[in-house]
$ cat final-v8.pdb   # PDB, C-alpha atoms
ATOM      1  CA  MET A   1     -35.405 -44.129  70.538
ATOM      2  CA  ILE A   2     -36.598 -45.561  67.215
ATOM      3  CA  PHE A   3     -40.242 -44.805  66.429
ATOM      4  CA  ARG A   4     -42.616 -47.262  64.779
ATOM      5  CA  LEU A   5     -44.871 -45.664  62.182
ATOM      6  CA  ASP A   6     -48.498 -46.661  61.630
ATOM      7  CA  GLU A   7     -51.096 -45.682  59.041
ATOM      8  CA  ARG A   8     -51.131 -42.056  60.200
ATOM      9  CA  LEU A   9     -49.324 -39.684  57.845
ATOM     10  CA  MET A  10     -46.739 -38.279  60.258
ATOM     11  CA  PHE A  11     -43.090 -38.487  61.340
ATOM     12  CA  PRO A  12     -41.386 -37.776  64.668
ATOM     13  CA  ASP A  13     -39.158 -34.706  64.966
ATOM     14  CA  PRO A  14     -35.851 -35.328  63.104
ATOM     15  CA  VAL A  15     -33.873 -34.131  66.146
ATOM     16  CA  LEU A  16     -34.906 -37.379  67.876
ATOM     17  CA  ALA A  17     -32.956 -39.538  65.414
ATOM     18  CA  GLU A  18     -30.350 -41.978  66.717
ATOM     19  CA  GLU A  19     -26.640 -41.227  66.401
ATOM     20  CA  ASP A  20     -26.525 -43.037  63.041
ATOM     21  CA  GLY A  21     -29.522 -41.021  61.822
ATOM     22  CA  LEU A  22     -32.126 -43.778  62.161
ATOM     23  CA  LEU A  23     -35.412 -42.160  63.162
ATOM     24  CA  ALA A  24     -38.284 -44.556  62.497
ATOM     25  CA  LEU A  25     -39.365 -47.810  60.903
ATOM     26  CA  GLY A  26     -42.506 -49.007  59.208
ATOM     27  CA  GLY A  27     -45.114 -47.008  57.342
ATOM     28  CA  ASP A  28     -45.280 -47.186  53.559
ATOM     29  CA  LEU A  29     -43.789 -45.723  50.388
ATOM     30  CA  SER A  30     -46.860 -43.787  49.288
ATOM     31  CA  ALA A  31     -46.209 -40.548  47.419
ATOM     32  CA  GLU A  32     -47.738 -38.555  50.274
ATOM     33  CA  ARG A  33     -45.510 -40.110  52.928
ATOM     34  CA  LEU A  34     -42.371 -39.840  50.808
ATOM     35  CA  MET A  35     -42.942 -36.151  50.113
ATOM     36  CA  LEU A  36     -43.665 -35.452  53.793
ATOM     37  CA  ALA A  37     -40.409 -37.207  54.655
ATOM     38  CA  TYR A  38     -38.274 -35.197  52.233
ATOM     39  CA  GLU A  39     -39.922 -31.932  53.279
ATOM     40  CA  ASN A  40     -38.627 -32.646  56.796
ATOM     41  CA  GLY A  41     -35.138 -33.866  55.917
ATOM     42  CA  ILE A  42     -36.014 -37.569  56.205
ATOM     43  CA  PHE A  43     -35.486 -40.337  53.648
ATOM     44  CA  PRO A  44     -35.986 -44.128  53.428
ATOM     45  CA  TRP A  45     -32.957 -46.428  53.264
ATOM     46  CA  TYR A  46     -33.240 -50.150  53.856
ATOM     47  CA  SER A  47     -32.493 -53.578  52.379
ATOM     48  CA  GLU A  48     -34.866 -56.123  50.868
ATOM     49  CA  ASP A  49     -35.108 -58.218  54.052
ATOM     50  CA  GLU A  50     -35.712 -55.253  56.397
ATOM     51  CA  PRO A  51     -38.760 -53.147  57.281
ATOM     52  CA  ILE A  52     -38.813 -49.645  55.789
ATOM     53  CA  LEU A  53     -36.229 -47.620  57.721
ATOM     54  CA  TRP A  54     -36.346 -43.810  57.820
ATOM     55  CA  PHE A  55     -33.233 -41.706  58.406
ATOM     56  CA  ALA A  56     -32.658 -38.083  59.422
ATOM     57  CA  PRO A  57     -28.842 -37.726  59.688
ATOM     58  CA  HIS A  58     -27.331 -35.232  62.112
ATOM     59  CA  GLU A  59     -24.911 -34.184  59.365
ATOM     60  CA  ARG A  60     -25.436 -33.920  55.610
ATOM     61  CA  PHE A  61     -22.968 -34.158  52.746
ATOM     62  CA  VAL A  62     -24.041 -31.409  50.359
ATOM     63  CA  LEU A  63     -22.932 -29.446  47.337
ATOM     64  CA  TYR A  64     -23.684 -25.756  46.906
ATOM     65  CA  PRO A  65     -23.878 -25.142  43.132
ATOM     66  CA  ASP A  66     -22.238 -21.727  43.497
ATOM     67  CA  GLU A  67     -19.226 -23.466  45.099
ATOM     68  CA  LEU A  68     -18.929 -26.084  42.340
ATOM     69  CA  ARG A  69     -15.341 -26.866  41.332
ATOM     70  CA  ILE A  70     -14.792 -28.190  37.798
ATOM     71  CA  SER A  71     -11.319 -29.462  36.921
ATOM     72  CA  LYS A  72      -9.550 -28.482  33.707
ATOM     73  CA  SER A  73      -9.828 -32.045  32.382
ATOM     74  CA  MET A  74     -13.548 -32.106  33.160
ATOM     75  CA  ARG A  75     -14.060 -28.812  31.328
ATOM     76  CA  GLN A  76     -12.255 -30.245  28.322
ATOM     77  CA  LEU A  77     -14.506 -33.303  28.389
ATOM     78  CA  MET A  78     -17.611 -31.137  28.549
ATOM     79  CA  ARG A  79     -16.438 -28.981  25.634
ATOM     80  CA  SER A  80     -15.720 -32.081  23.563
ATOM     81  CA  GLY A  81     -19.419 -32.894  23.308
ATOM     82  CA  LYS A  82     -18.715 -36.565  23.938
ATOM     83  CA  PHE A  83     -21.840 -36.929  26.071
ATOM     84  CA  LYS A  84     -25.382 -35.701  25.520
ATOM     85  CA  ILE A  85     -27.285 -34.557  28.625
ATOM     86  CA  THR A  86     -31.060 -34.779  29.024
ATOM     87  CA  PHE A  87     -33.435 -34.128  31.903
ATOM     88  CA  ASP A  88     -36.399 -36.351  32.824
ATOM     89  CA  ASN A  89     -36.018 -38.273  29.569
ATOM     90  CA  ASP A  90     -35.641 -41.780  31.055
ATOM     91  CA  PHE A  91     -36.257 -41.712  34.800
ATOM     92  CA  ALA A  92     -37.047 -45.426  34.973
ATOM     93  CA  GLY A  93     -33.854 -46.256  33.091
ATOM     94  CA  VAL A  94     -31.780 -44.186  35.512
ATOM     95  CA  ILE A  95     -33.212 -45.641  38.719
ATOM     96  CA  ARG A  96     -32.913 -49.188  37.398
ATOM     97  CA  ALA A  97     -29.298 -48.574  36.350
ATOM     98  CA  CYS A  98     -28.564 -47.151  39.818
ATOM     99  CA  ALA A  99     -30.066 -50.269  41.403
ATOM    100  CA  ALA A 100     -28.008 -52.568  39.175
ATOM    101  CA  MET A 101     -24.688 -50.765  39.679
ATOM    102  CA  PRO A 102     -22.273 -52.687  41.969
ATOM    103  CA  ARG A 103     -21.217 -50.659  45.035
ATOM    104  CA  GLU A 104     -17.979 -51.223  46.894
ATOM    105  CA  GLY A 105     -18.661 -52.736  50.321
ATOM    106  CA  GLN A 106     -22.347 -53.380  49.558
ATOM    107  CA  ASP A 107     -23.991 -56.733  48.956
ATOM    108  CA  GLY A 108     -26.998 -56.142  46.748
ATOM    109  CA  THR A 109     -28.902 -52.854  46.543
ATOM    110  CA  TRP A 110     -31.067 -50.726  48.804
ATOM    111  CA  ILE A 111     -33.014 -49.584  45.716
ATOM    112  CA  THR A 112     -35.460 -52.474  45.964
ATOM    113  CA  GLY A 113     -38.226 -53.205  43.482
ATOM    114  CA  ASP A 114     -40.728 -51.472  45.779
ATOM    115  CA  MET A 115     -38.458 -48.428  46.008
ATOM    116  CA  GLN A 116     -38.144 -48.265  42.232
ATOM    117  CA  GLU A 117     -41.918 -48.409  41.785
ATOM    118  CA  ALA A 118     -42.449 -45.732  44.454
ATOM    119  CA  TYR A 119     -39.998 -43.276  42.895
ATOM    120  CA  ILE A 120     -41.175 -43.927  39.353
ATOM    121  CA  ASN A 121     -44.649 -43.060  40.646
ATOM    122  CA  LEU A 122     -43.270 -39.855  42.198
ATOM    123  CA  HIS A 123     -41.766 -38.987  38.822
ATOM    124  CA  ARG A 124     -45.117 -39.526  37.097
ATOM    125  CA  LEU A 125     -46.625 -37.101  39.614
ATOM    126  CA  GLY A 126     -43.932 -34.512  38.858
ATOM    127  CA  ASN A 127     -42.175 -34.913  42.232
ATOM    128  CA  ALA A 128     -38.978 -36.692  41.178
ATOM    129  CA  ARG A 129     -36.415 -35.759  38.529
ATOM    130  CA  SER A 130     -33.595 -37.418  36.643
ATOM    131  CA  VAL A 131     -30.560 -36.343  34.653
ATOM    132  CA  GLU A 132     -29.414 -38.691  31.891
ATOM    133  CA  VAL A 133     -26.010 -38.920  30.223
ATOM    134  CA  TRP A 134     -25.902 -40.533  26.788
ATOM    135  CA  LEU A 135     -23.060 -41.852  24.672
ATOM    136  CA  GLY A 136     -24.761 -42.109  21.324
ATOM    137  CA  ASP A 137     -28.000 -43.949  22.031
ATOM    138  CA  GLU A 138     -26.685 -45.663  25.183
ATOM    139  CA  LEU A 139     -27.559 -44.458  28.669
ATOM    140  CA  VAL A 140     -24.134 -44.402  30.356
ATOM    141  CA  GLY A 141     -24.702 -42.240  33.424
ATOM    142  CA  GLY A 142     -27.202 -40.276  35.410
ATOM    143  CA  LEU A 143     -28.774 -39.417  38.716
ATOM    144  CA  TYR A 144     -32.208 -39.021  40.243
ATOM    145  CA  GLY A 145     -33.696 -37.279  43.265
ATOM    146  CA  ILE A 146     -36.489 -35.251  44.789
ATOM    147  CA  PRO A 147     -36.639 -31.452  44.428
ATOM    148  CA  ILE A 148     -37.990 -29.665  47.488
ATOM    149  CA  GLY A 149     -38.105 -25.969  46.704
ATOM    150  CA  LYS A 150     -34.523 -24.853  46.041
ATOM    151  CA  VAL A 151     -33.020 -28.075  47.432
ATOM    152  CA  PHE A 152     -32.409 -31.157  45.293
ATOM    153  CA  CYS A 153     -32.413 -34.255  47.471
ATOM    154  CA  GLY A 154     -30.151 -36.555  45.504
ATOM    155  CA  GLU A 155     -30.914 -40.250  45.874
ATOM    156  CA  SER A 156     -28.434 -42.123  43.708
ATOM    157  CA  MET A 157     -26.226 -41.846  40.640
ATOM    158  CA  PHE A 158     -24.500 -44.280  38.312
ATOM    159  CA  SER A 159     -21.781 -44.287  35.706
ATOM    160  CA  LYS A 160     -20.940 -46.809  32.993
ATOM    161  CA  ALA A 161     -18.422 -44.470  31.336
ATOM    162  CA  SER A 162     -15.654 -42.472  32.985
ATOM    163  CA  ASN A 163     -16.928 -39.152  34.444
ATOM    164  CA  ALA A 164     -20.497 -39.677  33.181
ATOM    165  CA  SER A 165     -22.094 -39.303  36.621
ATOM    166  CA  LYS A 166     -19.924 -36.254  37.347
ATOM    167  CA  GLN A 167     -21.197 -34.622  34.185
ATOM    168  CA  ALA A 168     -24.783 -35.350  35.261
ATOM    169  CA  LEU A 169     -24.205 -33.627  38.604
ATOM    170  CA  ILE A 170     -22.474 -30.647  36.993
ATOM    171  CA  ALA A 171     -25.377 -30.287  34.560
ATOM    172  CA  LEU A 172     -27.815 -30.293  37.477
ATOM    173  CA  CYS A 173     -25.800 -27.592  39.255
ATOM    174  CA  GLN A 174     -25.704 -25.464  36.119
ATOM    175  CA  THR A 175     -29.478 -25.389  35.703
ATOM    176  CA  GLY A 176     -29.574 -22.603  38.280
ATOM    177  CA  GLY A 177     -32.637 -24.156  39.843
ATOM    178  CA  TYR A 178     -31.149 -25.180  43.178
ATOM    179  CA  ASP A 179     -29.312 -23.545  46.070
ATOM    180  CA  LEU A 180     -28.183 -26.864  47.558
ATOM    181  CA  ILE A 181     -27.838 -30.460  46.408
ATOM    182  CA  ASP A 182     -27.998 -33.128  49.099
ATOM    183  CA  CYS A 183     -25.478 -35.841  48.156
ATOM    184  CA  GLN A 184     -26.156 -38.016  51.235
ATOM    185  CA  LEU A 185     -23.058 -40.256  51.286
ATOM    186  CA  PRO A 186     -19.544 -38.718  51.194
ATOM    187  CA  THR A 187     -17.276 -39.790  48.331
ATOM    188  CA  ASP A 188     -13.929 -38.509  47.102
ATOM    189  CA  ASP A 189     -15.385 -37.726  43.668
ATOM    190  CA  LEU A 190     -18.106 -35.548  45.158
ATOM    191  CA  ALA A 191     -15.639 -33.849  47.498
ATOM    192  CA  SER A 192     -13.456 -33.002  44.494
ATOM    193  CA  LEU A 193     -16.436 -31.098  43.054
ATOM    194  CA  GLY A 194     -16.770 -29.051  46.258
ATOM    195  CA  ALA A 195     -19.222 -31.096  48.323
ATOM    196  CA  LYS A 196     -18.858 -30.784  52.097
ATOM    197  CA  ILE A 197     -20.474 -31.742  55.388
ATOM    198  CA  ILE A 198     -22.927 -29.383  57.102
ATOM    199  CA  GLY A 199     -25.064 -29.767  60.218
ATOM    200  CA  ARG A 200     -28.718 -30.765  60.229
ATOM    201  CA  ASP A 201     -29.899 -27.325  61.378
ATOM    202  CA  GLU A 202     -28.208 -25.591  58.444
ATOM    203  CA  TYR A 203     -29.605 -28.175  56.054
ATOM    204  CA  LEU A 204     -33.169 -27.883  57.390
ATOM    205  CA  ALA A 205     -33.000 -24.084  57.295
ATOM    206  CA  THR A 206     -32.159 -24.194  53.590
ATOM    207  CA  LEU A 207     -34.775 -26.883  52.986
ATOM    208  CA  LYS A 208     -37.484 -24.769  54.584
ATOM    209  CA  GLY A 209     -36.282 -21.506  52.993
ATOM    210  CA  ILE A 210     -35.246 -19.897  56.283
ATOM    211  CA  GLU A 211     -32.645 -17.141  55.878
TER     212      GLU A 211
END

$ encode --input "final-v8.pdb" --output "structure tokens"
Amino acid sequence: MIFRLDERLMFPDPVLAEEDGLLALGGDLSAERLMLAYENGIFPWYSEDEPILWFAPHERFVLYPDELRISKSMRQLMRSGKFKITFDNDFAGVIRACAAMPREGQDGTWITGDMQEAYINLHRLGNARSVEVWLGDELVGGLYGIPIGKVFCGESMFSKASNASKQALIALCQTGGYDLIDCQLPTDDLASLGAKIIGRDEYLATLKGIE
């Protein structure tokens, strides 16, 4: 059953999500609703011509920073100092680059103008973070997401230079600030770094700080 949200600030229980993770539609992208969603393992994902769709997947593709695998070639790249890494230096630039990046098998972007405005607002409020990768003065890679306690809910990443987005993710892992990074969609690159699939219960337990 797919629930239709109204003006009330609430979500149905994530266990009621459909097989594909779709839980609800409607509502808005206010900071309060977005934070409530992430605190309960829910996130928005929809296209320009659709209503706001909210997902709570039964499985999550995640990376535990203490299980991070860095290849020899990646270590060499990091030691070379080719890229400069910053945090929260250009959030708007990162989300706009993510929206503009072509994705295999996707026509257009789910990071709509409204989504960009909503997450830039979250960043202004201190509830969204970005990692930037620079080649000289050019922004060539990065990622953004929502930190909830010791979990970083990754939203999207982009790369205009080989391995730039990987270096952003490694830098995030090495901050020591997170026990788990939610990567959402499985990719071979993320799997090579040690990301894996876990069940919703395990994910929510970590999200809510339950041992």

$ residues_around --input "final-v8.pdb" --residues "Ser159 in chain A" --least-positions-apart "6" --cutoff "9 Å" --atoms "all atoms listed in the file" --output "list in words"
Ala97, Cys98, Met101, Val133, Val140, Gly141, Gly142, Ser165 and Lys166 of chain A

$ residues_near_point --input "final-v8.pdb" --point "(-40.9, -47.7, 47.7)" --cutoff "9 Å" --atoms "all atoms listed in the file" --output "PyMOL selection string"
chain A and resi 28-31+34+44+52+111-119

$ resolve_selection --input "final-v8.pdb" --expression "the PyMOL selection byres ((chain A and resi 75-84) around 12)" --output "mmCIF file with C-alpha atoms, in the frame of the given file"
data_model
loop_
_atom_site.group_PDB
_atom_site.id
_atom_site.type_symbol
_atom_site.label_atom_id
_atom_site.label_comp_id
_atom_site.auth_asym_id
_atom_site.auth_seq_id
_atom_site.Cartn_x
_atom_site.Cartn_y
_atom_site.Cartn_z
ATOM 1 C CA ARG A 69 -15.341 -26.866 41.332
ATOM 2 C CA ILE A 70 -14.792 -28.190 37.798
ATOM 3 C CA SER A 71 -11.319 -29.462 36.921
ATOM 4 C CA LYS A 72 -9.550 -28.482 33.707
ATOM 5 C CA SER A 73 -9.828 -32.045 32.382
ATOM 6 C CA MET A 74 -13.548 -32.106 33.160
ATOM 7 C CA ILE A 85 -27.285 -34.557 28.625
ATOM 8 C CA THR A 86 -31.060 -34.779 29.024
ATOM 9 C CA PHE A 87 -33.435 -34.128 31.903
ATOM 10 C CA ASN A 89 -36.018 -38.273 29.569
ATOM 11 C CA VAL A 131 -30.560 -36.343 34.653
ATOM 12 C CA GLU A 132 -29.414 -38.691 31.891
ATOM 13 C CA VAL A 133 -26.010 -38.920 30.223
ATOM 14 C CA TRP A 134 -25.902 -40.533 26.788
ATOM 15 C CA LEU A 135 -23.060 -41.852 24.672
ATOM 16 C CA GLY A 136 -24.761 -42.109 21.324
ATOM 17 C CA ASP A 137 -28.000 -43.949 22.031
ATOM 18 C CA GLU A 138 -26.685 -45.663 25.183
ATOM 19 C CA LEU A 139 -27.559 -44.458 28.669
ATOM 20 C CA VAL A 140 -24.134 -44.402 30.356
ATOM 21 C CA GLY A 141 -24.702 -42.240 33.424
ATOM 22 C CA GLY A 142 -27.202 -40.276 35.410
ATOM 23 C CA ALA A 161 -18.422 -44.470 31.336
ATOM 24 C CA SER A 162 -15.654 -42.472 32.985
ATOM 25 C CA ASN A 163 -16.928 -39.152 34.444
ATOM 26 C CA ALA A 164 -20.497 -39.677 33.181
ATOM 27 C CA SER A 165 -22.094 -39.303 36.621
ATOM 28 C CA LYS A 166 -19.924 -36.254 37.347
ATOM 29 C CA GLN A 167 -21.197 -34.622 34.185
ATOM 30 C CA ALA A 168 -24.783 -35.350 35.261
ATOM 31 C CA ILE A 170 -22.474 -30.647 36.993
ATOM 32 C CA ALA A 171 -25.377 -30.287 34.560
#

$ resolve_selection --input "final-v8.pdb" --expression "the PyMOL selection byres ((chain A and resi 178) around 10)" --output "list of chain:residue names"
A:Tyr64, A:Pro65, A:Asp66, A:Pro147, A:Ile148, A:Gly149, A:Lys150, A:Val151, A:Phe152, A:Leu172, A:Cys173, A:Gln174, A:Thr175, A:Gly176, A:Gly177, A:Asp179, A:Leu180, A:Ile181

$ closest_atom_pairs --input "final-v8.pdb" --of "range 5-52 of chain A" --to "range 184-195 of chain A" --cutoff "12 Å" --atoms "all atoms listed in the file" --output "CSV"
residue,atom,partner,partner_atom,distance
A:Gly21,CA,A:Gln184,CA,11.5
A:Gly41,CA,A:Gln184,CA,10.9
A:Ile42,CA,A:Gln184,CA,11.0
A:Phe43,CA,A:Gln184,CA,9.9
A:Pro44,CA,A:Gln184,CA,11.8
A:Trp45,CA,A:Gln184,CA,11.0

$ closest_residue --input "final-v8.pdb" --among "A:Met10, A:Ala17, A:Ala56, A:Ala92" --to "Leu36 in chain A" --atoms "only C-alpha atoms"
A:Met10

$ residues_around --input "final-v8.pdb" --residues "His58 in chain A" --least-positions-apart "6" --cutoff "9 Å" --atoms "all atoms listed in the file" --output "PyMOL selection string"
chain A and resi 14-15+17-21+198-201

$ atom_distance --input "final-v8.pdb" --atom1 "CA of Leu125 in chain A" --atom2 "CA of Val94 in chain A"
17.0 Å

$ atom_distance --input "final-v8.pdb" --atom1 "CA of Gly126 in chain A" --atom2 "CA of Leu207 in chain A"
18.5 Å

$ resolve_selection --input "final-v8.pdb" --expression "the PyMOL selection byres ((chain A and resi 144) around 9)" --output "PyMOL selection string"
chain A and resi 88+91+94-95+98+128-132+142-143+145-146+153-157

$ closest_residue --input "final-v8.pdb" --among "A:Asn121, A:Leu9, A:Leu63, A:Thr206" --to "Leu169 in chain A" --atoms "only C-alpha atoms"
A:Leu63

$ residues_around --input "final-v8.pdb" --residues "Asp6 in chain A" --least-positions-apart "2" --cutoff "10 Å" --atoms "all atoms listed in the file" --output "ChimeraX atom specification"
/A:3-4,8-11,25-28

$ atom_distance --input "final-v8.pdb" --atom1 "CA of His123 in chain A" --atom2 "CA of Ile2 in chain A"
29.6 Å

$ closest_residue --input "final-v8.pdb" --among "A:Ile120, A:Leu5, A:Leu68, A:Leu22" --to "Trp54 in chain A" --atoms "all atoms listed in the file"
A:Leu22

$ decode --input "final-v8.pdb" --residues "range 52-130 of chain A" --atoms "C-alpha atoms" --output "CSV table (one decimal), in the first residue's frame"
chain,number,residue,atom,x,y,z
A,52,ILE,CA,7.2,13.7,-4.5
A,53,LEU,CA,7.9,10.0,-3.9
A,54,TRP,CA,9.3,8.7,-0.6
A,55,PHE,CA,11.3,5.5,-0.4
A,56,ALA,CA,12.3,3.2,2.5
A,57,PRO,CA,14.2,0.3,0.8
A,58,HIS,CA,14.1,-3.2,2.4
A,59,GLU,CA,17.9,-3.4,1.8
A,60,ARG,CA,20.6,-0.8,1.9
A,61,PHE,CA,23.9,-0.6,0.1
A,62,VAL,CA,26.3,0.8,2.7
A,63,LEU,CA,29.9,1.3,3.5
A,64,TYR,CA,31.4,0.8,6.9
A,65,PRO,CA,34.4,3.2,7.1
A,66,ASP,CA,36.3,0.7,9.2
A,67,GLU,CA,35.9,-1.9,6.4
A,68,LEU,CA,37.1,0.6,3.7
A,69,ARG,CA,39.4,-1.0,1.1
A,70,ILE,CA,41.8,1.4,-0.7
A,71,SER,CA,43.7,0.0,-3.7
A,72,LYS,CA,47.5,0.5,-4.1
A,73,SER,CA,46.9,2.7,-7.2
A,74,MET,CA,44.4,4.8,-5.2
A,75,ARG,CA,46.9,5.2,-2.3
A,76,GLN,CA,49.5,6.4,-4.8
A,77,LEU,CA,47.0,8.9,-6.2
A,78,MET,CA,46.2,10.2,-2.8
A,79,ARG,CA,49.9,10.6,-1.9
A,80,SER,CA,50.6,12.4,-5.1
A,81,GLY,CA,48.6,15.4,-3.9
A,82,LYS,CA,47.0,15.8,-7.3
A,83,PHE,CA,43.6,16.7,-5.8
A,84,LYS,CA,42.7,19.1,-2.9
A,85,ILE,CA,39.9,18.0,-0.6
A,86,THR,CA,37.6,20.4,1.2
A,87,PHE,CA,34.4,20.0,3.3
A,88,ASP,CA,31.3,22.2,3.0
A,89,ASN,CA,33.2,24.7,0.8
A,90,ASP,CA,30.9,24.7,-2.2
A,91,PHE,CA,27.7,22.7,-1.4
A,92,ALA,CA,25.7,24.4,-4.1
A,93,GLY,CA,28.4,23.6,-6.7
A,94,VAL,CA,28.4,20.0,-5.7
A,95,ILE,CA,24.7,19.4,-5.9
A,96,ARG,CA,24.4,21.2,-9.2
A,97,ALA,CA,27.3,19.2,-10.7
A,98,CYS,CA,25.6,16.0,-9.4
A,99,ALA,CA,22.4,17.1,-11.1
A,100,ALA,CA,24.2,17.9,-14.4
A,101,MET,CA,26.2,14.6,-14.5
A,102,PRO,CA,24.9,12.2,-17.2
A,103,ARG,CA,23.9,8.8,-15.7
A,104,GLU,CA,23.9,5.5,-17.6
A,105,GLY,CA,20.3,4.3,-18.2
A,106,GLN,CA,18.8,7.6,-16.9
A,107,ASP,CA,17.1,10.2,-19.0
A,108,GLY,CA,17.5,13.5,-17.1
A,109,THR,CA,18.0,13.8,-13.4
A,110,TRP,CA,16.0,13.2,-10.2
A,111,ILE,CA,17.9,16.1,-8.6
A,112,THR,CA,15.3,18.6,-9.7
A,113,GLY,CA,15.4,22.4,-9.2
A,114,ASP,CA,13.1,22.0,-6.2
A,115,MET,CA,15.4,19.3,-4.7
A,116,GLN,CA,18.4,21.4,-5.2
A,117,GLU,CA,16.8,24.4,-3.4
A,118,ALA,CA,15.6,22.1,-0.5
A,119,TYR,CA,19.0,20.6,0.1
A,120,ILE,CA,20.9,23.9,-0.2
A,121,ASN,CA,18.5,25.2,2.5
A,122,LEU,CA,19.3,22.1,4.6
A,123,HIS,CA,23.0,23.0,4.2
A,124,ARG,CA,22.4,26.5,5.3
A,125,LEU,CA,20.7,25.2,8.4
A,126,GLY,CA,23.7,22.9,9.1
A,127,ASN,CA,21.8,19.7,8.3
A,128,ALA,CA,23.5,18.7,5.0
A,129,ARG,CA,27.2,18.4,4.1
A,130,SER,CA,29.4,18.2,1.1
